[in-house]
$ cat start_3.csv   # CSV, C-alpha atoms
chain,number,residue,atom,x,y,z
A,971,MET,CA,-19.2,-45.8,30.2
A,972,ARG,CA,-21.7,-46.9,27.6
A,973,ALA,CA,-20.6,-47.2,24.0
A,974,GLY,CA,-23.0,-44.4,22.9
A,975,LYS,CA,-21.3,-41.9,25.2
A,976,ILE,CA,-17.8,-42.9,24.0
A,977,VAL,CA,-18.9,-42.4,20.4
A,978,ALA,CA,-20.3,-38.9,21.4
A,979,ILE,CA,-17.1,-37.9,23.0
A,980,VAL,CA,-15.0,-39.0,20.1
A,981,ILE,CA,-17.2,-37.3,17.5
A,982,GLY,CA,-17.2,-34.2,19.8
A,983,VAL,CA,-13.4,-34.0,19.9
A,984,ILE,CA,-13.2,-34.4,16.1
A,985,ALA,CA,-15.8,-31.6,15.7
A,986,VAL,CA,-13.9,-29.3,18.1
A,987,LEU,CA,-10.6,-29.9,16.1
A,988,ILE,CA,-12.4,-29.2,12.8
A,989,GLY,CA,-13.9,-26.1,14.3
A,990,LEU,CA,-10.4,-24.8,15.4
A,991,ALA,CA,-9.0,-25.7,12.0
A,992,LEU,CA,-11.6,-23.5,10.4
A,993,VAL,CA,-11.7,-20.6,13.0
A,994,LEU,CA,-7.9,-20.0,13.0
A,995,PRO,CA,-7.5,-19.2,9.3
A,996,GLY,CA,-10.9,-17.5,9.1
A,997,GLY,CA,-9.9,-15.3,12.1
A,998,ALA,CA,-6.6,-14.5,10.5
A,999,MET,CA,-8.3,-13.4,7.3
A,1000,LEU,CA,-10.7,-11.2,9.3
A,1001,TRP,CA,-7.8,-9.7,11.3
A,1002,ALA,CA,-5.9,-9.0,8.1
A,1003,HIS,CA,-9.0,-7.4,6.6
A,1004,GLY,CA,-9.4,-5.1,9.6
A,1005,THR,CA,-5.8,-4.2,10.3
A,1006,GLN,CA,-3.6,-4.8,7.3
A,1007,ARG,CA,-5.9,-3.6,4.5
A,1008,GLY,CA,-5.3,-0.1,3.2
A,1009,GLY,CA,-7.9,2.4,2.1
A,1010,ASP,CA,-7.4,1.3,-1.5
A,1011,GLY,CA,-8.3,-2.3,-0.6
A,1012,PHE,CA,-4.7,-3.6,-0.9
A,1013,TYR,CA,-2.9,-5.7,1.6
A,1014,ALA,CA,0.8,-4.9,1.7
A,1015,THR,CA,3.9,-6.5,3.1
A,1016,SER,CA,6.7,-4.6,4.9
A,1017,GLY,CA,9.5,-3.3,2.7
A,1018,ARG,CA,12.5,-5.3,1.7
A,1019,VAL,CA,15.6,-3.8,0.1
A,1020,LEU,CA,16.5,-5.6,-3.1
A,1021,SER,CA,19.9,-4.9,-4.6
A,1022,THR,CA,22.4,-6.3,-7.0
A,1023,SER,CA,25.6,-5.2,-8.5
A,1024,SER,CA,24.6,-6.7,-11.8
A,1025,TYR,CA,21.8,-5.7,-14.2
A,1026,ALA,CA,18.6,-7.1,-12.9
A,1027,VAL,CA,16.7,-8.7,-9.9
A,1028,THR,CA,14.1,-11.3,-10.7
A,1029,THR,CA,11.6,-13.4,-8.9
A,1030,PRO,CA,11.4,-17.2,-9.5
A,1031,ALA,CA,8.9,-18.2,-12.1
A,1032,VAL,CA,5.4,-18.4,-10.7
A,1033,ASP,CA,3.0,-20.9,-12.2
A,1034,LEU,CA,-0.6,-19.8,-12.2
A,1035,HIS,CA,-2.0,-22.6,-14.3
A,1036,VAL,CA,-4.5,-23.3,-11.5
A,1037,GLU,CA,-8.2,-23.1,-11.8
A,1038,PRO,CA,-8.8,-20.9,-8.7
A,1039,TRP,CA,-6.6,-18.2,-10.2
A,1040,GLU,CA,-8.6,-18.3,-13.4
A,1041,TRP,CA,-11.8,-18.0,-11.4
A,1042,LEU,CA,-10.4,-15.0,-9.4
A,1043,ARG,CA,-9.3,-13.4,-12.7
A,1044,ALA,CA,-12.7,-13.9,-14.3
A,1045,ASN,CA,-14.3,-12.1,-11.3
A,1046,ASP,CA,-11.8,-9.2,-11.3
A,1047,SER,CA,-11.2,-9.9,-7.7
A,1048,ALA,CA,-7.4,-10.5,-7.5
A,1049,THR,CA,-4.7,-7.9,-8.3
A,1050,VAL,CA,-0.9,-8.0,-7.5
A,1051,ARG,CA,0.9,-4.8,-6.7
A,1052,ILE,CA,4.7,-4.1,-6.7
A,1053,GLN,CA,5.8,-0.9,-5.1
A,1054,ALA,CA,9.4,0.3,-5.5
A,1055,GLU,CA,11.3,3.5,-4.6
A,1056,ALA,CA,13.6,4.8,-7.3
A,1057,THR,CA,16.1,6.7,-5.2
A,1058,SER,CA,19.1,7.2,-7.5
A,1059,GLU,CA,18.5,5.8,-10.9
A,1060,PRO,CA,15.1,5.7,-12.8
A,1061,LEU,CA,13.8,2.2,-12.3
A,1062,PHE,CA,11.9,-0.3,-14.5
A,1063,LEU,CA,9.4,-2.8,-13.1
A,1064,GLY,CA,7.9,-5.5,-15.3
A,1065,ILE,CA,6.0,-8.7,-15.1
A,1066,GLY,CA,6.2,-11.0,-18.2
A,1067,PRO,CA,5.9,-14.6,-19.3
A,1068,SER,CA,8.8,-16.6,-17.8
A,1069,ASP,CA,10.0,-18.0,-21.1
A,1070,LYS,CA,10.2,-14.5,-22.6
A,1071,VAL,CA,12.0,-13.1,-19.6
A,1072,ALA,CA,14.4,-16.0,-19.6
A,1073,GLN,CA,15.1,-15.4,-23.2
A,1074,TYR,CA,15.7,-11.6,-22.7
A,1075,LEU,CA,18.1,-12.3,-19.7
A,1076,ALA,CA,19.7,-15.4,-21.1
A,1077,ASN,CA,23.2,-13.8,-21.4
A,1078,VAL,CA,22.6,-11.0,-18.9
A,1079,ALA,CA,24.2,-11.0,-15.4
A,1080,HIS,CA,21.4,-10.9,-12.8
A,1081,ASP,CA,20.3,-12.1,-9.4
A,1082,GLN,CA,17.2,-14.2,-8.7
A,1083,VAL,CA,15.5,-13.9,-5.3
A,1084,THR,CA,15.4,-17.3,-3.6
A,1085,ASP,CA,14.3,-16.3,-0.1
A,1086,VAL,CA,12.9,-13.3,1.6
A,1087,GLY,CA,13.9,-13.1,5.3
A,1088,GLY,CA,11.5,-12.5,8.1
A,1089,TRP,CA,12.5,-10.6,11.3
A,1090,PHE,CA,15.9,-9.5,10.0
A,1091,GLN,CA,14.7,-8.6,6.5
A,1092,THR,CA,17.5,-10.5,4.8
A,1093,VAL,CA,17.1,-11.5,1.2
A,1094,ASP,CA,19.0,-14.4,-0.5
A,1095,TYR,CA,19.8,-14.5,-4.1
A,1096,SER,CA,21.0,-16.9,-6.8
A,1097,HIS,CA,23.5,-15.3,-9.1
A,1098,VAL,CA,23.5,-15.8,-12.9
A,1099,THR,CA,26.6,-14.8,-14.7
A,1100,GLY,CA,26.6,-12.9,-18.0
A,1101,GLY,CA,27.1,-9.5,-19.5
A,1102,ALA,CA,25.0,-6.4,-20.1
A,1103,PRO,CA,21.6,-6.5,-21.8
A,1104,LEU,CA,21.5,-5.7,-25.5
A,1105,THR,CA,18.5,-3.5,-25.2
A,1106,VAL,CA,16.8,-1.6,-22.4
A,1107,PRO,CA,13.9,-3.4,-20.8
A,1108,GLY,CA,11.3,-0.8,-21.8
A,1109,ARG,CA,11.7,-1.6,-25.4
A,1110,GLN,CA,10.5,-5.2,-25.0
A,1111,ASP,CA,7.0,-5.9,-26.1
A,1112,PHE,CA,6.3,-9.0,-24.0
A,1113,TRP,CA,5.5,-7.4,-20.7
A,1114,ALA,CA,2.0,-8.0,-19.3
A,1115,ALA,CA,2.5,-5.0,-17.0
A,1116,SER,CA,5.3,-2.5,-16.6
A,1117,GLN,CA,6.2,0.8,-15.0
A,1118,ALA,CA,9.3,3.0,-15.4
A,1119,GLY,CA,10.5,6.2,-13.9
A,1120,SER,CA,11.8,8.0,-10.7
A,1121,GLY,CA,10.3,8.3,-7.3
A,1122,THR,CA,7.6,5.8,-6.2
A,1123,LEU,CA,6.6,3.3,-8.8
A,1124,MET,CA,3.4,1.4,-8.4
A,1125,LEU,CA,2.8,-1.6,-10.7
A,1126,ASP,CA,-0.7,-3.2,-10.5
A,1127,TRP,CA,-1.3,-6.4,-12.4
A,1128,PRO,CA,-4.6,-8.4,-12.5
A,1129,LEU,CA,-3.8,-12.1,-12.0
A,1130,GLN,CA,-3.7,-14.1,-15.2
A,1131,GLY,CA,-3.2,-17.8,-15.8
A,1132,GLY,CA,0.3,-18.7,-17.0
A,1133,ASN,CA,3.9,-18.8,-15.9
A,1134,TRP,CA,5.2,-15.4,-14.9
A,1135,THR,CA,8.4,-13.6,-13.7
A,1136,ALA,CA,8.8,-10.2,-12.2
A,1137,VAL,CA,11.8,-8.1,-13.1
A,1138,MET,CA,13.4,-5.0,-11.6
A,1139,MET,CA,16.1,-3.2,-13.6
A,1140,ASN,CA,17.5,0.3,-14.1
A,1141,ALA,CA,15.4,1.9,-16.8
A,1142,ASP,CA,18.6,2.5,-18.9
A,1143,GLY,CA,19.8,-1.1,-18.5
A,1144,SER,CA,22.8,-0.1,-16.4
A,1145,ALA,CA,24.3,-2.2,-13.6
A,1146,GLY,CA,23.8,-1.6,-9.9
A,1147,VAL,CA,20.1,-1.9,-9.1
A,1148,ALA,CA,18.7,-1.2,-5.7
A,1149,SER,CA,15.3,-0.3,-4.3
A,1150,ALA,CA,13.1,-0.8,-1.2
A,1151,VAL,CA,10.3,-3.0,-2.5
A,1152,LYS,CA,6.8,-3.8,-1.1
A,1153,LEU,CA,4.5,-6.5,-2.4
A,1154,GLY,CA,0.8,-6.2,-2.1
A,1155,GLY,CA,-2.4,-7.7,-3.3
A,1156,ARG,CA,-6.2,-7.1,-3.4
A,1157,MET,CA,-8.6,-10.0,-3.1
A,1158,ASP,CA,-12.2,-8.9,-2.8
A,1159,ILE,CA,-13.2,-12.4,-1.9
A,1160,LEU,CA,-11.0,-12.6,1.2
A,1161,LEU,CA,-13.6,-11.1,3.6
A,1162,PRO,CA,-16.5,-13.5,2.5
A,1163,ILE,CA,-14.1,-16.5,2.9
A,1164,GLY,CA,-13.0,-15.3,6.3
A,1165,VAL,CA,-16.6,-14.9,7.5
A,1166,GLY,CA,-17.6,-18.3,6.1
A,1167,LEU,CA,-14.6,-20.1,7.7
A,1168,SER,CA,-15.1,-18.4,11.0
A,1169,GLY,CA,-18.9,-19.1,11.1
A,1170,ALA,CA,-18.5,-22.7,10.1
A,1171,GLY,CA,-15.7,-23.1,12.7
A,1172,PHE,CA,-17.8,-21.8,15.5
A,1173,VAL,CA,-20.7,-24.1,14.6
A,1174,PHE,CA,-18.4,-27.2,14.6
A,1175,PHE,CA,-16.8,-26.1,17.8
A,1176,ALA,CA,-20.2,-25.6,19.6
A,1177,ILE,CA,-21.5,-29.0,18.4
A,1178,GLY,CA,-18.3,-30.7,19.6
A,1179,VAL,CA,-18.5,-29.1,23.0
A,1180,VAL,CA,-22.1,-30.2,23.4
A,1181,LEU,CA,-21.3,-33.7,22.4
A,1182,ILE,CA,-18.4,-33.9,24.8
A,1183,VAL,CA,-20.5,-32.6,27.7
A,1184,LEU,CA,-23.3,-35.0,27.0
A,1185,GLY,CA,-20.9,-37.9,26.6
A,1186,ALA,CA,-19.0,-37.1,29.8
A,1187,ARG,CA,-22.1,-36.6,31.9
A,1188,ARG,CA,-22.8,-39.4,34.4
A,1189,THR,CA,-26.0,-41.3,34.1
A,1190,ARG,CA,-27.8,-41.4,37.5
A,1191,PRO,CA,-28.9,-44.9,38.5
A,1192,PRO,CA,-32.7,-45.3,38.5
A,1193,MET,CA,-34.2,-44.8,42.0
A,1194,GLN,CA,-35.6,-48.0,43.6
A,1195,ALA,CA,-39.1,-47.8,45.1
A,1196,ALA,CA,-39.2,-48.1,48.8
A,1197,PRO,CA,-40.7,-51.4,50.2
A,1198,VAL,CA,-44.4,-51.1,51.3
A,1199,LEU,CA,-44.7,-51.9,55.0
A,1200,PRO,CA,-48.0,-53.3,56.3
A,1201,ALA,CA,-50.2,-51.1,58.4
A,1202,ALA,CA,-49.6,-51.1,62.2
A,1203,GLY,CA,-53.2,-52.3,62.9
A,1204,GLY,CA,-52.9,-55.3,60.6
A,1205,VAL,CA,-49.8,-56.5,62.3
A,1206,ALA,CA,-51.4,-56.2,65.7
A,1207,GLY,CA,-54.4,-58.2,64.5
A,1208,GLN,CA,-52.3,-61.0,63.2
A,1209,GLN,CA,-50.4,-61.2,66.5
A,1210,ALA,CA,-53.7,-61.5,68.4
$ encode --input "start_3.csv" --output "structure tokens"
Amino acid sequence: MRAGKIVAIVIGVIAVLIGLALVLPGGAMLWAHGTQRGGDGFYATSGRVLSTSSYAVTTPAVDLHVEPWEWLRANDSATVRIQAEATSEPLFLGIGPSDKVAQYLANVAHDQVTDVGGWFQTVDYSHVTGGAPLTVPGRQDFWAASQAGSGTLMLDWPLQGGNWTAVMMNADGSAGVASAVKLGGRMDILLPIGVGLSGAGFVFFAIGVVLIVLGARRTRPPMQAAPVLPAAGGVAGQQA
């Protein structure tokens, strides 16, 4: 096999792999856009029951000091949604700066979510010891977004740069917090990204297949010209 064919096959295999690496996430985005997106444009997870016998359930601090988040926020194309069902006690949902939330809950008994289970919908927590909060959460002025009440609560928060923590408590600050919670988000740029990745992936895949086929094709040896035989009359004349 000639060196040029080997190079074509190697480049073709690399192109096919790049194509698959682009098509798979692009296809997943298109699938999510077509099947997991609600009429309001939000993608939502399945529900998880969050509960604690203490005074609050919190998420880990989320650091959004990243340029892409700033770009999404500037284009009003990314929003986080927290949906909770207040079944027994009126609930409070809030998203605030992590340092302010930590200061408010410094001496308050609460549980921080450390892992959200998959198939079995189990949730793991890290418990922080303490007492009751000095004031109810609704009286704090540091919340970037908050909702309180009974029934279905829907908290929408446009992404902002910073370090943030989400909190769920009873609205009156009492112990024993429980609710079925769903997380959702809206990213208007998800569809263009999915189309772009899928299109580029198909192009790389097609180029790779063509290169592999060309490299693997056998080169036919050149046809040799048949020897020219002398005419029958000439041979007879020479014999005479």
$ atom_distance --input "start_3.csv" --atom1 "atom CA of Arg972 of chain A" --atom2 "atom CA of Ala1186 of chain A"
10.4 Å
$ closest_atom_pairs --input "start_3.csv" --of "segment 1105-1127 of chain A" --to "segment 1073-1081 of chain A" --cutoff "10 Å" --atoms "all atoms listed in the file" --output "JSON lines"
{"residue": "A:Thr1105", "atom": "CA", "partner": "A:Tyr1074", "partner_atom": "CA", "distance": 8.9}
{"residue": "A:Pro1107", "atom": "CA", "partner": "A:Tyr1074", "partner_atom": "CA", "distance": 8.6}
{"residue": "A:Gln1110", "atom": "CA", "partner": "A:Tyr1074", "partner_atom": "CA", "distance": 8.6}
{"residue": "A:Phe1112", "atom": "CA", "partner": "A:Tyr1074", "partner_atom": "CA", "distance": 9.8}
$ closest_residue --input "start_3.csv" --among "A:Ala978, A:Val1086, A:Val983, A:Ile988" --to "Val1173 of chain A" --atoms "only C-alpha atoms"
A:Ile988
$ closest_residue --input "start_3.csv" --among "A:Trp1001, A:Ile1052, A:Ser1144, A:Ile1065" --to "Ser1024 of chain A" --atoms "only C-alpha atoms"
A:Ser1144
$ closest_residue --input "start_3.csv" --among "A:Ile976, A:Ala1114, A:Ala1054, A:Ala991" --to "Trp1127 of chain A" --atoms "all atoms listed in the file"
A:Ala1114
$ closest_residue --input "start_3.csv" --among "A:Ala1072, A:Ala1176, A:Leu1181, A:Ala1056" --to "Met1139 of chain A" --atoms "only C-alpha atoms"
A:Ala1056
$ atom_distance --input "start_3.csv" --atom1 "atom CA of Val977 of chain A" --atom2 "atom CA of Leu994 of chain A"
26.0 Å
$ atom_distance --input "start_3.csv" --atom1 "atom CA of Trp1134 of chain A" --atom2 "atom CA of Leu1153 of chain A"
15.4 Å
$ closest_residue --input "start_3.csv" --among "A:Leu1000, A:Ile1182, A:Leu1123, A:Ala973" --to "Ser1149 of chain A" --atoms "only C-alpha atoms"
A:Leu1123
$ closest_residue --input "start_3.csv" --among "A:Gly1064, A:Gly1121, A:Gly1143, A:Pro1162" --to "Ala1102 of chain A" --atoms "all atoms listed in the file"
A:Gly1143
$ residues_around --input "start_3.csv" --residues "Gly1171 of chain A" --least-positions-apart "5" --cutoff "6 Å" --atoms "all atoms listed in the file" --output "PDB file with C-alpha atoms, keeping the file's coordinate frame"
ATOM      1  CA  GLY A 989     -13.900 -26.100  14.300  1.00  0.00           C
ATOM      2  CA  LEU A 992     -11.600 -23.500  10.400  1.00  0.00           C
ATOM      3  CA  VAL A 993     -11.700 -20.600  13.000  1.00  0.00           C
TER       4      VAL A 993
END
$ build_atoms --input "start_3.csv" --residues "segment 1060-1096 of chain A" --atoms "N, CA and C atoms" --output "PDB file, in the frame of the given file"
ATOM      1  N   PRO A1060      16.467   6.056 -12.363  1.00  0.00           N
ATOM      2  CA  PRO A1060      15.100   5.700 -12.800  1.00  0.00           C
ATOM      3  C   PRO A1060      15.014   4.149 -12.883  1.00  0.00           C
ATOM      4  N   LEU A1061      13.948   3.595 -12.336  1.00  0.00           N
ATOM      5  CA  LEU A1061      13.800   2.200 -12.300  1.00  0.00           C
ATOM      6  C   LEU A1061      12.811   1.672 -13.375  1.00  0.00           C
ATOM      7  N   PHE A1062      12.890   0.368 -13.634  1.00  0.00           N
ATOM      8  CA  PHE A1062      11.900  -0.300 -14.500  1.00  0.00           C
ATOM      9  C   PHE A1062      11.385  -1.513 -13.710  1.00  0.00           C
ATOM     10  N   LEU A1063      10.080  -1.649 -13.655  1.00  0.00           N
ATOM     11  CA  LEU A1063       9.400  -2.800 -13.100  1.00  0.00           C
ATOM     12  C   LEU A1063       8.599  -3.480 -14.173  1.00  0.00           C
ATOM     13  N   GLY A1064       8.693  -4.786 -14.272  1.00  0.00           N
ATOM     14  CA  GLY A1064       7.900  -5.500 -15.300  1.00  0.00           C
ATOM     15  C   GLY A1064       7.544  -6.882 -14.860  1.00  0.00           C
ATOM     16  N   ILE A1065       6.396  -7.342 -15.325  1.00  0.00           N
ATOM     17  CA  ILE A1065       6.000  -8.700 -15.100  1.00  0.00           C
ATOM     18  C   ILE A1065       5.695  -9.296 -16.528  1.00  0.00           C
ATOM     19  N   GLY A1066       6.351 -10.398 -16.827  1.00  0.00           N
ATOM     20  CA  GLY A1066       6.200 -11.000 -18.200  1.00  0.00           C
ATOM     21  C   GLY A1066       6.215 -12.482 -18.133  1.00  0.00           C
ATOM     22  N   PRO A1067       5.874 -13.121 -19.252  1.00  0.00           N
ATOM     23  CA  PRO A1067       5.900 -14.600 -19.300  1.00  0.00           C
ATOM     24  C   PRO A1067       7.339 -15.072 -19.026  1.00  0.00           C
ATOM     25  N   SER A1068       7.439 -16.102 -18.228  1.00  0.00           N
ATOM     26  CA  SER A1068       8.800 -16.600 -17.800  1.00  0.00           C
ATOM     27  C   SER A1068       9.675 -16.956 -18.909  1.00  0.00           C
ATOM     28  N   ASP A1069       9.126 -17.563 -19.954  1.00  0.00           N
ATOM     29  CA  ASP A1069      10.000 -18.000 -21.100  1.00  0.00           C
ATOM     30  C   ASP A1069      10.539 -16.747 -21.795  1.00  0.00           C
ATOM     31  N   LYS A1070       9.742 -15.705 -21.951  1.00  0.00           N
ATOM     32  CA  LYS A1070      10.200 -14.500 -22.600  1.00  0.00           C
ATOM     33  C   LYS A1070      11.244 -13.764 -21.770  1.00  0.00           C
ATOM     34  N   VAL A1071      10.993 -13.709 -20.462  1.00  0.00           N
ATOM     35  CA  VAL A1071      12.000 -13.100 -19.600  1.00  0.00           C
ATOM     36  C   VAL A1071      13.269 -13.831 -19.575  1.00  0.00           C
ATOM     37  N   ALA A1072      13.200 -15.164 -19.526  1.00  0.00           N
ATOM     38  CA  ALA A1072      14.400 -16.000 -19.600  1.00  0.00           C
ATOM     39  C   ALA A1072      15.184 -15.764 -20.853  1.00  0.00           C
ATOM     40  N   GLN A1073      14.473 -15.630 -21.954  1.00  0.00           N
ATOM     41  CA  GLN A1073      15.100 -15.400 -23.200  1.00  0.00           C
ATOM     42  C   GLN A1073      15.813 -14.018 -23.250  1.00  0.00           C
ATOM     43  N   TYR A1074      15.142 -13.004 -22.701  1.00  0.00           N
ATOM     44  CA  TYR A1074      15.700 -11.600 -22.700  1.00  0.00           C
ATOM     45  C   TYR A1074      16.947 -11.587 -21.781  1.00  0.00           C
ATOM     46  N   LEU A1075      16.942 -12.327 -20.651  1.00  0.00           N
ATOM     47  CA  LEU A1075      18.100 -12.300 -19.700  1.00  0.00           C
ATOM     48  C   LEU A1075      18.991 -13.485 -19.837  1.00  0.00           C
ATOM     49  N   ALA A1076      18.927 -14.181 -20.968  1.00  0.00           N
ATOM     50  CA  ALA A1076      19.700 -15.400 -21.100  1.00  0.00           C
ATOM     51  C   ALA A1076      21.190 -15.191 -20.939  1.00  0.00           C
ATOM     52  N   ASN A1077      21.731 -14.114 -21.456  1.00  0.00           N
ATOM     53  CA  ASN A1077      23.200 -13.800 -21.400  1.00  0.00           C
ATOM     54  C   ASN A1077      23.446 -12.581 -20.547  1.00  0.00           C
ATOM     55  N   VAL A1078      22.511 -12.251 -19.662  1.00  0.00           N
ATOM     56  CA  VAL A1078      22.600 -11.000 -18.900  1.00  0.00           C
ATOM     57  C   VAL A1078      22.921 -11.418 -17.416  1.00  0.00           C
ATOM     58  N   ALA A1079      23.885 -10.761 -16.803  1.00  0.00           N
ATOM     59  CA  ALA A1079      24.200 -11.000 -15.400  1.00  0.00           C
ATOM     60  C   ALA A1079      23.049 -10.453 -14.535  1.00  0.00           C
ATOM     61  N   HIS A1080      22.492 -11.317 -13.680  1.00  0.00           N
ATOM     62  CA  HIS A1080      21.400 -10.900 -12.800  1.00  0.00           C
ATOM     63  C   HIS A1080      21.296 -11.790 -11.610  1.00  0.00           C
ATOM     64  N   ASP A1081      20.502 -11.358 -10.640  1.00  0.00           N
ATOM     65  CA  ASP A1081      20.300 -12.100  -9.400  1.00  0.00           C
ATOM     66  C   ASP A1081      18.821 -12.480  -9.291  1.00  0.00           C
ATOM     67  N   GLN A1082      18.571 -13.747  -8.950  1.00  0.00           N
ATOM     68  CA  GLN A1082      17.200 -14.200  -8.700  1.00  0.00           C
ATOM     69  C   GLN A1082      16.967 -14.357  -7.218  1.00  0.00           C
ATOM     70  N   VAL A1083      15.877 -13.774  -6.732  1.00  0.00           N
ATOM     71  CA  VAL A1083      15.500 -13.900  -5.300  1.00  0.00           C
ATOM     72  C   VAL A1083      15.143 -15.326  -5.018  1.00  0.00           C
ATOM     73  N   THR A1084      15.774 -15.909  -4.011  1.00  0.00           N
ATOM     74  CA  THR A1084      15.400 -17.300  -3.600  1.00  0.00           C
ATOM     75  C   THR A1084      14.745 -17.345  -2.271  1.00  0.00           C
ATOM     76  N   ASP A1085      14.956 -16.327  -1.418  1.00  0.00           N
ATOM     77  CA  ASP A1085      14.300 -16.300  -0.100  1.00  0.00           C
ATOM     78  C   ASP A1085      14.256 -14.906   0.421  1.00  0.00           C
ATOM     79  N   VAL A1086      13.102 -14.556   0.975  1.00  0.00           N
ATOM     80  CA  VAL A1086      12.900 -13.300   1.600  1.00  0.00           C
ATOM     81  C   VAL A1086      12.862 -13.477   3.105  1.00  0.00           C
ATOM     82  N   GLY A1087      13.807 -12.906   3.843  1.00  0.00           N
ATOM     83  CA  GLY A1087      13.900 -13.100   5.300  1.00  0.00           C
ATOM     84  C   GLY A1087      12.742 -12.562   6.036  1.00  0.00           C
ATOM     85  N   GLY A1088      12.621 -12.985   7.287  1.00  0.00           N
ATOM     86  CA  GLY A1088      11.500 -12.500   8.100  1.00  0.00           C
ATOM     87  C   GLY A1088      11.908 -11.375   9.011  1.00  0.00           C
ATOM     88  N   TRP A1089      12.243 -11.666  10.286  1.00  0.00           N
ATOM     89  CA  TRP A1089      12.500 -10.600  11.300  1.00  0.00           C
ATOM     90  C   TRP A1089      13.641  -9.714  10.869  1.00  0.00           C
ATOM     91  N   PHE A1090      14.703 -10.275  10.311  1.00  0.00           N
ATOM     92  CA  PHE A1090      15.900  -9.500  10.000  1.00  0.00           C
ATOM     93  C   PHE A1090      15.889  -8.940   8.597  1.00  0.00           C
ATOM     94  N   GLN A1091      14.841  -9.204   7.862  1.00  0.00           N
ATOM     95  CA  GLN A1091      14.700  -8.600   6.500  1.00  0.00           C
ATOM     96  C   GLN A1091      15.824  -8.916   5.605  1.00  0.00           C
ATOM     97  N   THR A1092      16.402 -10.095   5.730  1.00  0.00           N
ATOM     98  CA  THR A1092      17.500 -10.500   4.800  1.00  0.00           C
ATOM     99  C   THR A1092      16.885 -11.117   3.571  1.00  0.00           C
ATOM    100  N   VAL A1093      17.583 -10.962   2.470  1.00  0.00           N
ATOM    101  CA  VAL A1093      17.100 -11.500   1.200  1.00  0.00           C
ATOM    102  C   VAL A1093      18.277 -12.344   0.611  1.00  0.00           C
ATOM    103  N   ASP A1094      17.967 -13.551   0.170  1.00  0.00           N
ATOM    104  CA  ASP A1094      19.000 -14.400  -0.500  1.00  0.00           C
ATOM    105  C   ASP A1094      18.746 -14.446  -1.957  1.00  0.00           C
ATOM    106  N   TYR A1095      19.856 -14.574  -2.682  1.00  0.00           N
ATOM    107  CA  TYR A1095      19.800 -14.500  -4.100  1.00  0.00           C
ATOM    108  C   TYR A1095      20.579 -15.722  -4.722  1.00  0.00           C
ATOM    109  N   SER A1096      20.228 -16.027  -5.959  1.00  0.00           N
ATOM    110  CA  SER A1096      21.000 -16.900  -6.800  1.00  0.00           C
ATOM    111  C   SER A1096      21.548 -16.151  -7.962  1.00  0.00           C
TER     112      SER A1096
END
